[in-house]
file my_file26.cif (mmCIF, C-alpha atoms and all ligand atoms)
data_data
loop_
_atom_site.group_PDB
_atom_site.id
_atom_site.type_symbol
_atom_site.label_atom_id
_atom_site.label_comp_id
_atom_site.auth_asym_id
_atom_site.auth_seq_id
_atom_site.Cartn_x
_atom_site.Cartn_y
_atom_site.Cartn_z
ATOM 1 C CA MET A 188 115.631 90.562 111.667
ATOM 2 C CA SER A 189 112.186 89.102 111.982
ATOM 3 C CA LEU A 190 109.190 90.905 110.742
ATOM 4 C CA LYS A 191 105.984 90.993 112.725
ATOM 5 C CA ARG A 192 102.892 90.804 110.603
ATOM 6 C CA ASN A 193 99.704 91.824 112.309
ATOM 7 C CA LYS A 194 96.840 90.618 110.227
ATOM 8 C CA ARG A 195 93.832 92.862 110.251
ATOM 9 C CA SER A 196 90.427 92.387 108.747
ATOM 10 C CA PRO A 197 90.398 93.033 105.027
ATOM 11 C CA SER A 198 89.059 96.480 104.320
ATOM 12 C CA GLY A 199 87.433 98.083 101.317
ATOM 13 C CA SER A 200 86.418 96.087 98.289
ATOM 14 C CA GLY A 201 89.729 94.233 98.008
ATOM 15 C CA THR A 202 90.308 90.879 99.633
ATOM 16 C CA PHE A 203 94.028 91.361 100.229
ATOM 17 C CA PRO A 204 94.648 91.598 103.986
ATOM 18 C CA THR A 205 96.550 94.576 105.339
ATOM 19 C CA TYR A 206 99.713 94.212 107.373
ATOM 20 C CA SER A 207 101.550 96.501 109.727
ATOM 21 C CA ASN A 208 104.717 96.767 111.812
ATOM 22 C CA PHE A 209 107.110 97.028 108.901
ATOM 23 C CA SER A 210 110.474 98.462 109.757
ATOM 24 C CA ALA A 211 110.088 101.001 106.963
ATOM 25 C CA GLU A 212 107.167 103.154 105.887
ATOM 26 C CA ASN A 213 108.099 103.475 102.229
ATOM 27 C CA ASN A 214 109.997 100.514 100.922
ATOM 28 C CA ALA A 215 109.944 98.752 97.575
ATOM 29 C CA ARG A 216 112.181 95.853 96.612
ATOM 30 C CA PRO A 217 112.774 93.755 93.497
ATOM 31 C CA THR A 218 112.195 90.079 94.322
ATOM 32 C CA SER A 219 113.024 88.320 91.051
ATOM 33 C CA VAL A 220 113.930 88.763 87.409
ATOM 34 C CA GLU A 221 112.286 86.361 84.994
ATOM 35 C CA ALA A 222 114.894 84.016 83.509
ATOM 36 C CA ILE A 223 116.173 85.174 80.127
ATOM 37 C CA LEU A 224 116.738 82.376 77.623
ATOM 38 C CA PRO A 225 119.983 82.272 75.595
ATOM 39 C CA GLN A 226 120.209 85.303 73.331
ATOM 40 C CA CYS A 227 121.719 86.486 70.047
ATOM 41 C CA GLY A 228 121.832 90.130 71.092
ATOM 42 C CA PHE A 229 118.403 91.293 69.948
ATOM 43 C CA ASP A 230 116.862 93.845 72.319
ATOM 44 C CA ILE A 231 115.433 92.223 75.442
ATOM 45 C CA THR A 232 112.353 93.195 77.470
ATOM 46 C CA PRO A 233 113.180 92.102 81.022
ATOM 47 C CA ASN A 234 110.435 91.271 83.495
ATOM 48 C CA VAL A 235 111.137 92.208 87.102
ATOM 49 C CA THR A 236 108.853 91.541 90.052
ATOM 50 C CA ILE A 237 108.629 94.397 92.538
ATOM 51 C CA GLN A 238 107.118 94.114 95.983
ATOM 52 C CA ASN A 239 105.847 96.647 98.483
ATOM 53 C CA PHE A 240 107.841 95.803 101.599
ATOM 54 C CA GLY A 241 106.808 98.888 103.542
ATOM 55 C CA GLU A 242 103.883 100.038 105.635
ATOM 56 C CA ASN A 243 102.485 102.582 103.170
ATOM 57 C CA ASP A 244 100.878 101.838 99.821
ATOM 58 C CA LEU A 245 103.370 101.792 96.983
ATOM 59 C CA THR A 246 102.302 103.929 94.049
ATOM 60 C CA GLU A 247 105.462 104.861 92.145
ATOM 61 C CA VAL A 248 108.938 103.422 91.665
ATOM 62 C CA GLU A 249 111.641 104.496 89.264
ATOM 63 C CA ILE A 250 113.446 101.465 87.863
ATOM 64 C CA THR A 251 116.953 101.857 86.394
ATOM 65 C CA TYR A 252 118.453 98.988 84.405
ATOM 66 C CA SER A 253 121.418 98.180 82.203
ATOM 67 C CA VAL A 254 122.975 95.137 80.539
ATOM 68 C CA ASN A 255 126.692 94.298 80.669
ATOM 69 C CA GLY A 256 127.447 97.686 82.198
ATOM 70 C CA GLY A 257 126.102 99.517 79.136
ATOM 71 C CA ALA A 258 123.920 102.624 79.038
ATOM 72 C CA SER A 259 121.174 102.679 81.684
ATOM 73 C CA GLN A 260 117.503 103.118 80.942
ATOM 74 C CA ASN A 261 114.843 104.364 83.326
ATOM 75 C CA TYR A 262 111.246 103.326 83.610
ATOM 76 C CA THR A 263 108.758 104.774 86.028
ATOM 77 C CA TRP A 264 106.253 102.267 87.331
ATOM 78 C CA THR A 265 103.018 103.642 88.755
ATOM 79 C CA GLY A 266 100.229 101.636 90.293
ATOM 80 C CA SER A 267 98.946 100.687 93.688
ATOM 81 C CA LEU A 268 100.402 97.911 95.813
ATOM 82 C CA LEU A 269 99.396 97.264 99.418
ATOM 83 C CA SER A 270 102.005 95.960 101.875
ATOM 84 C CA LEU A 271 103.524 92.686 100.630
ATOM 85 C CA GLN A 272 101.699 92.808 97.312
ATOM 86 C CA SER A 273 103.882 92.432 94.256
ATOM 87 C CA GLU A 274 103.616 92.986 90.533
ATOM 88 C CA ILE A 275 105.546 91.891 87.479
ATOM 89 C CA VAL A 276 106.825 94.923 85.577
ATOM 90 C CA GLU A 277 107.689 94.472 81.915
ATOM 91 C CA LEU A 278 110.514 96.894 81.247
ATOM 92 C CA PRO A 279 110.812 98.568 77.824
ATOM 93 C CA ALA A 280 113.253 96.968 75.394
ATOM 94 C CA ILE A 281 116.939 97.594 75.996
ATOM 95 C CA SER A 282 119.762 97.075 73.507
ATOM 96 C CA TYR A 283 123.177 95.705 74.429
ATOM 97 C CA VAL A 284 126.237 94.005 72.971
ATOM 98 C CA VAL A 285 125.935 90.281 73.564
ATOM 99 C CA GLN A 286 128.724 88.389 75.369
ATOM 100 C CA ASP A 287 129.091 84.716 76.308
ATOM 101 C CA VAL A 288 127.600 85.493 79.718
ATOM 102 C CA ASN A 289 125.469 88.605 80.110
ATOM 103 C CA THR A 290 124.274 90.386 83.219
ATOM 104 C CA ILE A 291 121.276 92.620 83.629
ATOM 105 C CA GLU A 292 121.394 94.899 86.667
ATOM 106 C CA ILE A 293 118.208 96.468 87.951
ATOM 107 C CA SER A 294 117.851 98.986 90.754
ATOM 108 C CA LEU A 295 114.911 100.813 92.276
ATOM 109 C CA SER A 296 114.839 104.463 93.291
ATOM 110 C CA ASP A 297 115.841 105.457 96.830
ATOM 111 C CA ASP A 298 113.388 104.652 99.595
ATOM 112 C CA ASP A 299 113.498 104.065 103.359
ATOM 113 C CA ASP A 300 115.642 100.939 102.885
ATOM 114 C CA ASN A 301 118.127 101.121 100.037
ATOM 115 C CA SER A 302 119.851 97.857 101.012
ATOM 116 C CA ASP A 303 117.272 95.776 99.102
ATOM 117 C CA ASN A 304 116.947 97.913 95.962
ATOM 118 C CA GLN A 305 119.238 95.955 93.626
ATOM 119 C CA ILE A 306 118.860 92.704 91.746
ATOM 120 C CA SER A 307 120.728 91.132 88.832
ATOM 121 C CA GLU A 308 120.311 88.152 86.536
ATOM 122 C CA ASN A 309 122.692 86.367 84.176
ATOM 123 C CA PHE A 310 121.857 84.935 80.795
ATOM 124 C CA ASN A 311 123.908 83.143 78.176
ATOM 125 C CA ILE A 312 124.640 83.643 74.521
ATOM 126 C CA ALA A 313 122.599 81.407 72.198
ATOM 127 C CA ASN A 314 123.565 77.726 71.944
ATOM 128 C CA GLU A 315 125.457 76.468 68.899
ATOM 129 C CA HIS A 316 123.845 74.295 66.228
ATOM 130 C CA THR A 317 124.612 73.090 62.723
ATOM 131 C CA THR A 318 123.798 75.313 59.725
ATOM 132 C CA THR A 319 120.946 73.080 58.563
ATOM 133 C CA ILE A 320 117.885 73.225 60.787
ATOM 134 C CA ASN A 321 114.738 71.145 60.359
ATOM 135 C CA MET A 322 111.288 72.169 61.508
ATOM 136 C CA ILE A 323 108.224 69.968 62.011
ATOM 137 C CA LEU A 324 105.076 71.873 62.842
ATOM 138 C CA SER A 325 101.655 70.324 63.435
ATOM 139 C CA THR A 326 98.771 72.745 63.451
ATOM 140 C CA ASP A 327 95.788 72.275 65.751
ATOM 141 C CA ASN A 328 92.114 72.917 65.050
ATOM 142 C CA ALA A 329 92.866 76.576 64.428
ATOM 143 C CA GLY A 330 95.740 76.546 61.948
ATOM 144 C CA SER A 331 94.771 79.980 60.647
ATOM 145 C CA GLN A 332 96.091 81.462 63.925
ATOM 146 C CA CYS A 333 99.572 80.040 63.461
ATOM 147 C CA THR A 334 102.514 81.906 61.866
ATOM 148 C CA TRP A 335 106.286 81.876 62.380
ATOM 149 C CA ASP A 336 109.437 83.588 61.173
ATOM 150 C CA LEU A 337 113.198 83.201 61.268
ATOM 151 C CA MET A 338 115.438 86.262 61.370
ATOM 152 C CA ASN A 339 119.218 86.640 61.281
ATOM 153 C CA ALA A 340 121.174 88.835 63.695
ATOM 154 C CA GLY A 341 120.957 91.697 61.190
ATOM 155 C CA GLY A 342 117.163 91.673 61.519
ATOM 156 C CA GLU A 343 116.531 90.224 58.056
ATOM 157 C CA THR A 344 113.671 87.685 57.822
ATOM 158 C CA LEU A 345 114.970 84.659 55.916
ATOM 159 C CA TYR A 346 112.081 82.251 56.303
ATOM 160 C CA SER A 347 108.474 82.600 57.410
ATOM 161 C CA GLY A 348 105.243 80.640 57.162
ATOM 162 C CA GLY A 349 101.553 80.418 57.960
ATOM 163 C CA PRO A 350 98.712 80.897 58.395
ATOM 164 C CA TYR A 351 97.795 77.273 57.751
ATOM 165 C CA GLY A 352 94.840 74.956 57.553
ATOM 166 C CA ASN A 353 93.710 72.857 60.497
ATOM 167 C CA ASN A 354 95.631 69.749 61.595
ATOM 168 C CA GLU A 355 98.298 70.188 58.933
ATOM 169 C CA SER A 356 101.780 68.792 59.141
ATOM 170 C CA VAL A 357 104.398 71.265 57.945
ATOM 171 C CA VAL A 358 108.004 70.249 57.296
ATOM 172 C CA GLU A 359 110.647 72.877 56.509
ATOM 173 C CA GLN A 360 114.415 72.878 56.206
ATOM 174 C CA PHE A 361 116.458 76.015 56.797
ATOM 175 C CA GLU A 362 119.844 76.291 55.088
ATOM 176 C CA LEU A 363 121.743 78.898 57.075
ATOM 177 C CA THR A 364 125.196 80.442 57.208
ATOM 178 C CA ASP A 365 127.280 81.035 60.330
ATOM 179 C CA ASP A 366 125.302 83.655 62.229
ATOM 180 C CA CYS A 367 122.924 84.004 65.140
ATOM 181 C CA TYR A 368 119.196 83.577 64.535
ATOM 182 C CA ARG A 369 115.859 84.235 66.162
ATOM 183 C CA PHE A 370 112.975 81.858 65.500
ATOM 184 C CA ARG A 371 109.514 83.018 66.557
ATOM 185 C CA ILE A 372 106.204 81.180 66.629
ATOM 186 C CA PHE A 373 102.979 83.172 66.920
ATOM 187 C CA ASP A 374 99.355 82.400 67.674
ATOM 188 C CA SER A 375 97.046 85.278 66.777
ATOM 189 C CA ALA A 376 94.450 84.162 69.373
ATOM 190 C CA GLY A 377 97.087 83.986 72.116
ATOM 191 C CA ASN A 378 96.276 80.418 73.105
ATOM 192 C CA GLY A 379 99.094 78.414 71.496
ATOM 193 C CA GLY A 380 98.652 75.797 68.817
ATOM 194 C CA GLY A 381 99.921 72.381 67.816
ATOM 195 C CA SER A 382 103.292 70.873 68.582
ATOM 196 C CA ILE A 383 106.501 72.127 67.022
ATOM 197 C CA VAL A 384 110.114 71.046 67.043
ATOM 198 C CA LEU A 385 113.247 72.531 65.433
ATOM 199 C CA TYR A 386 116.376 70.392 65.428
ATOM 200 C CA ASP A 387 119.747 70.371 63.744
ATOM 201 C CA THR A 388 121.590 67.692 61.763
ATOM 202 C CA ASN A 389 123.054 66.283 65.019
ATOM 203 C CA ASN A 390 119.448 65.838 66.214
ATOM 204 C CA ASP A 391 120.034 68.499 68.862
ATOM 205 C CA VAL A 392 116.822 70.270 69.641
ATOM 206 C CA VAL A 393 116.809 74.011 68.937
ATOM 207 C CA TYR A 394 113.230 74.654 70.057
ATOM 208 C CA ASN A 395 110.429 72.359 71.092
ATOM 209 C CA SER A 396 106.909 72.983 72.348
ATOM 210 C CA PRO A 397 103.872 70.735 72.792
ATOM 211 C CA GLY A 398 101.885 73.820 71.720
ATOM 212 C CA ASN A 399 101.477 75.868 74.892
ATOM 213 C CA TYR A 400 103.291 78.914 73.500
ATOM 214 C CA GLY A 401 100.527 81.425 74.205
ATOM 215 C CA ALA A 402 100.647 84.393 71.855
ATOM 216 C CA ARG A 403 104.273 83.798 70.928
ATOM 217 C CA GLU A 404 107.527 82.221 71.924
ATOM 218 C CA GLU A 405 110.995 82.614 70.542
ATOM 219 C CA ALA A 406 114.272 80.735 70.532
ATOM 220 C CA HIS A 407 117.709 82.066 69.634
ATOM 221 C CA PHE A 408 120.488 79.907 68.260
ATOM 222 C CA LYS A 409 123.929 80.274 66.716
ATOM 223 C CA THR A 410 125.023 78.253 63.727
ATOM 224 C CA VAL A 411 128.525 76.920 63.244
ATOM 225 C CA GLY A 412 129.335 75.128 59.991
ATOM 226 C CA GLU A 413 132.157 73.011 61.382
ATOM 227 C CA LEU A 414 130.276 71.890 64.468
ATOM 228 C CA GLY A 415 130.683 68.244 65.363
ATOM 229 C CA ASN A 416 134.474 67.997 65.051
ATOM 230 C CA ASN A 417 134.668 66.479 68.535
ATOM 231 C CA ASP A 418 136.207 69.638 69.940
ATOM 232 C CA ASN A 419 133.226 69.691 72.265
ATOM 233 C CA ILE A 420 132.888 66.420 74.151
ATOM 234 C CA LEU A 421 129.297 67.360 74.948
ATOM 235 C CA SER A 422 128.282 67.595 71.274
ATOM 236 C CA ASN A 423 126.890 64.046 71.281
ATOM 237 C CA VAL A 424 124.758 64.447 74.378
ATOM 238 C CA VAL A 425 121.181 63.340 73.872
ATOM 239 C CA ILE A 426 118.431 64.349 76.289
ATOM 240 C CA TYR A 427 115.056 62.647 76.030
ATOM 241 C CA PRO A 428 112.105 62.302 76.156
ATOM 242 C CA ASN A 429 110.893 65.844 75.680
ATOM 243 C CA PRO A 430 108.311 66.502 76.981
ATOM 244 C CA ALA A 431 109.185 64.241 79.932
ATOM 245 C CA THR A 432 106.947 62.923 82.677
ATOM 246 C CA ASN A 433 108.827 61.100 85.452
ATOM 247 C CA ASN A 434 112.299 60.380 84.077
ATOM 248 C CA LEU A 435 114.724 62.262 81.903
ATOM 249 C CA ASN A 436 117.564 60.379 80.188
ATOM 250 C CA ILE A 437 120.898 62.064 79.615
ATOM 251 C CA GLN A 438 123.119 60.054 77.320
ATOM 252 C CA ASN A 439 126.802 60.476 76.367
ATOM 253 C CA ALA A 440 127.698 62.891 79.154
ATOM 254 C CA GLU A 441 129.711 60.494 81.326
ATOM 255 C CA ASN A 442 131.420 62.126 84.343
ATOM 256 C CA SER A 443 129.659 65.451 83.753
ATOM 257 C CA SER A 444 127.608 67.377 86.301
ATOM 258 C CA ILE A 445 124.037 68.341 85.608
ATOM 259 C CA LYS A 446 122.023 71.193 87.012
ATOM 260 C CA VAL A 447 118.344 71.710 86.314
ATOM 261 C CA PHE A 448 116.867 75.196 86.673
ATOM 262 C CA ASP A 449 113.306 76.413 86.599
ATOM 263 C CA LEU A 450 112.563 79.561 84.596
ATOM 264 C CA LEU A 451 113.107 81.683 87.707
ATOM 265 C CA GLY A 452 116.713 80.470 87.709
ATOM 266 C CA ARG A 453 116.323 78.302 90.816
ATOM 267 C CA ILE A 454 118.218 75.007 90.901
ATOM 268 C CA VAL A 455 115.669 72.196 91.214
ATOM 269 C CA ALA A 456 117.925 69.185 90.585
ATOM 270 C CA LEU A 457 121.635 68.547 90.764
ATOM 271 C CA GLU A 458 123.704 65.465 89.994
ATOM 272 C CA ASN A 459 127.486 65.089 89.900
ATOM 273 C CA ASN A 460 129.623 62.576 88.052
ATOM 274 C CA ILE A 461 126.814 61.122 85.997
ATOM 275 C CA SER A 462 126.963 57.844 84.108
ATOM 276 C CA LEU A 463 127.022 57.261 80.342
ATOM 277 C CA ASN A 464 123.297 56.498 80.402
ATOM 278 C CA GLN A 465 122.096 58.630 83.269
ATOM 279 C CA GLN A 466 118.471 58.637 84.297
ATOM 280 C CA LEU A 467 117.247 61.617 86.267
ATOM 281 C CA ASP A 468 114.130 61.353 88.406
ATOM 282 C CA VAL A 469 111.998 64.379 87.523
ATOM 283 C CA SER A 470 108.758 63.054 88.993
ATOM 284 C CA LYS A 471 108.757 65.755 91.679
ATOM 285 C CA LEU A 472 109.031 68.646 89.206
ATOM 286 C CA THR A 473 105.827 70.472 88.433
ATOM 287 C CA THR A 474 104.558 70.840 84.881
ATOM 288 C CA GLY A 475 106.461 73.498 82.955
ATOM 289 C CA THR A 476 109.653 74.384 81.142
ATOM 290 C CA TYR A 477 113.104 73.788 82.629
ATOM 291 C CA LEU A 478 116.697 74.405 81.616
ATOM 292 C CA ILE A 479 119.276 71.679 82.025
ATOM 293 C CA LYS A 480 122.946 72.582 82.128
ATOM 294 C CA ILE A 481 125.523 69.844 81.557
ATOM 295 C CA ILE A 482 128.999 70.781 82.709
ATOM 296 C CA ASN A 483 132.204 68.927 81.927
ATOM 297 C CA GLY A 484 135.400 70.817 82.739
ATOM 298 C CA ASN A 485 135.089 74.157 80.945
ATOM 299 C CA GLN A 486 132.509 72.843 78.474
ATOM 300 C CA VAL A 487 128.860 73.553 79.054
ATOM 301 C CA LYS A 488 125.787 72.476 77.170
ATOM 302 C CA THR A 489 122.430 74.020 77.975
ATOM 303 C CA ASP A 490 119.122 72.597 76.846
ATOM 304 C CA LYS A 491 115.481 73.154 77.511
ATOM 305 C CA PHE A 492 112.952 70.487 78.388
ATOM 306 C CA ILE A 493 109.325 70.351 79.340
ATOM 307 C CA ILE A 494 107.541 68.424 82.061
ATOM 308 C CA ASN A 495 104.089 67.533 80.834
ATOM 309 C CA ARG A 496 101.711 65.185 82.617
HETATM 310 CA CA CA B 501 113.865 99.289 99.219
#
call {"tool": "encode", "arguments": {"input": "my_file26.cif", "output": "structure tokens"}}
result
Amino acid sequence: MSLKRNKRSPSGSGTFPTYSNFSAENNARPTSVEAILPQCGFDITPNVTIQNFGENDLTEVEITYSVNGGASQNYTWTGSLLSLQSEIVELPAISYVVQDVNTIEISLSDDDDNSDNQISENFNIANEHTTTINMILSTDNAGSQCTWDLMNAGGETLYSGGPYGNNESVVEQFELTDDCYRFRIFDSAGNGGGSIVLYDTNNDVVYNSPGNYGAREEAHFKTVGELGNNDNILSNVVIYPNPATNNLNIQNAENSSIKVFDLLGRIVALENNISLNQQLDVSKLTTGTYLIKIINGNQVKTDKFIINR
């Protein structure tokens, strides 16, 4: 079905043009769910984009959502969206029991077209790392804005640090037991800070940022004491450089497939049967954070990398 859009002159003080000839008068639809990074099972606050796909202004939508088929929560969005305008709605935190693969299902209240009211998104359990984690943090010219913490799945803070002086280099080592953890980095001014990397004793990166973490970012990871016993043929995979500019090297993943996703979950690169020292051309990817999934048989390794130019 094609949709005719008759553009009229913008009216009122807004600059958004008005459209007409929609098949429905009152019609909202969810267009995307922001990708959810691997999780330990802490409450999540999903972000869903809703769009007015009807003729009339959209002022209220009831959003119902649940994770892994658990208890539903409702949230009533109110606002004002003209035809085709959209808005990102941050839904209140929802608790759930984490599984290897998790699904959030979101639906909007009944309107003139209920066929487009549902959307869902999958996210994985946190990646596995060794029980010793190293952190290197470099503060910028505003080290007093920088703090961080590390919490176990029970919600207990085991390590924390900051605020710091300017242009300091901070090195920490976390000795952990088998559990799932949440690391968080904060900037009290909301504009990020210096670079930071967390990595395990196999040199696998747990979290890495050149500093553009805004007010905060977080990374979840599981620890497994016996990791590295070659039961996972992807445990020696090395992905570098990070941040990358034009090429990304994927080493020790011979014959695997790789898929690269943007944070909206869209596949932006795909390569099958890769070589031992595979080079992936990422020159066409825009600046930002990406997920790379390496698949070999039933083994999967997921990592995050940044394109920075
Ligand atoms: Ca609808």
call {"tool": "atom_distance", "arguments": {"input": "my_file26.cif", "atom1": "CA of Ile493 in chain A", "atom2": "CA of Ile231 in chain A"}}
result
23.0 Å
call {"tool": "closest_residue", "arguments": {"input": "my_file26.cif", "among": "A:Ile383, A:Val235, A:Ala402, A:Ile426", "to": "Asp327 in chain A", "atoms": "only C-alpha atoms"}}
result
A:Ile383
call {"tool": "resolve_selection", "arguments": {"input": "my_file26.cif", "expression": "the PyMOL selection byres (((chain A and resi 461) around 10) and not hetatm)", "output": "count of residues only"}}
result
19
call {"tool": "closest_atom_pairs", "arguments": {"input": "my_file26.cif", "of": "chain A", "to": "ligand CA 501 (chain B)", "cutoff": "12 Å", "atoms": "all atoms listed in the file", "output": "tab-separated table"}}
result
residue	atom	partner	partner_atom	distance
A:Ser210	CA	B:CA501	CA	11.1
A:Ala211	CA	B:CA501	CA	8.8
A:Glu212	CA	B:CA501	CA	10.2
A:Asn213	CA	B:CA501	CA	7.7
A:Asn214	CA	B:CA501	CA	4.4
A:Ala215	CA	B:CA501	CA	4.3
A:Arg216	CA	B:CA501	CA	4.6
A:Pro217	CA	B:CA501	CA	8.0
A:Thr218	CA	B:CA501	CA	10.6
A:Ile237	CA	B:CA501	CA	9.8
A:Gln238	CA	B:CA501	CA	9.1
A:Asn239	CA	B:CA501	CA	8.5
A:Phe240	CA	B:CA501	CA	7.4
A:Gly241	CA	B:CA501	CA	8.3
A:Glu242	CA	B:CA501	CA	11.9
A:Leu245	CA	B:CA501	CA	11.0
A:Val248	CA	B:CA501	CA	9.9
A:Glu249	CA	B:CA501	CA	11.5
A:Ile250	CA	B:CA501	CA	11.6
A:Ser294	CA	B:CA501	CA	9.4
A:Leu295	CA	B:CA501	CA	7.2
A:Ser296	CA	B:CA501	CA	7.9
A:Asp297	CA	B:CA501	CA	6.9
A:Asp298	CA	B:CA501	CA	5.4
A:Asp299	CA	B:CA501	CA	6.3
A:Asp300	CA	B:CA501	CA	4.4
A:Asn301	CA	B:CA501	CA	4.7
A:Ser302	CA	B:CA501	CA	6.4
A:Asp303	CA	B:CA501	CA	4.9
A:Asn304	CA	B:CA501	CA	4.7
A:Gln305	CA	B:CA501	CA	8.4
A:Ile306	CA	B:CA501	CA	11.1
call {"tool": "residues_around", "arguments": {"input": "my_file26.cif", "residues": "Asn314 in chain A", "least_positions_apart": "6", "cutoff": "8 Å", "atoms": "all atoms listed in the file", "output": "ChimeraX atom specification"}}
result
/A:225,407-409,488-489
call {"tool": "residues_around", "arguments": {"input": "my_file26.cif", "residues": "range 323-326 of chain A", "least_positions_apart": "5", "cutoff": "10 Å", "atoms": "all atoms listed in the file", "output": "list in words"}}
result
Ser331, Gln332, Cys333, Gly349, Pro350, Tyr351, Gly352, Asn353, Asn354, Glu355, Ser356, Val357, Val358, Glu359, Gln360, Gly379, Gly380, Gly381, Ser382, Ile383, Val384, Leu385, Tyr386, Asn395, Ser396, Pro397 and Gly398 of chain A
call {"tool": "resolve_selection", "arguments": {"input": "my_file26.cif", "expression": "the PyMOL selection byres (((chain A and resi 433) around 12) and not hetatm)", "output": "ChimeraX atom specification"}}
result
/A:427-432,434-436,466-474,493-496
call {"tool": "atom_distance", "arguments": {"input": "my_file26.cif", "atom1": "CA of Tyr252 in chain A", "atom2": "CA of Thr344 in chain A"}}
result
29.3 Å
call {"tool": "atom_distance", "arguments": {"input": "my_file26.cif", "atom1": "CA of Ser422 in chain A", "atom2": "CA of Cys367 in chain A"}}
result
18.3 Å
call {"tool": "residues_near_point", "arguments": {"input": "my_file26.cif", "point": "(120.5, 73.8, 53.9)", "cutoff": "9 Å", "atoms": "only C-alpha atoms", "output": "list in words"}}
result
Thr318, Thr319, Ile320, Gln360, Phe361, Glu362, Leu363 and Thr364 of chain A
call {"tool": "residues_around", "arguments": {"input": "my_file26.cif", "residues": "Glu404 in chain A", "least_positions_apart": "4", "cutoff": "8 Å", "atoms": "all atoms listed in the file", "output": "PyMOL selection string"}}
result
chain A and resi 371-373+400
call {"tool": "residues_near_point", "arguments": {"input": "my_file26.cif", "point": "(132.8, 81.0, 56.5)", "cutoff": "9 Å", "atoms": "all atoms listed in the file", "output": "VMD selection string"}}
result
chain A and resid 364 to 365 411 to 412
call {"tool": "resolve_selection", "arguments": {"input": "my_file26.cif", "expression": "the PyMOL selection byres (((chain A and resi 256) around 9) and not hetatm)", "output": "PyMOL selection string"}}
result
chain A and resi 253-255+257-259+290-292
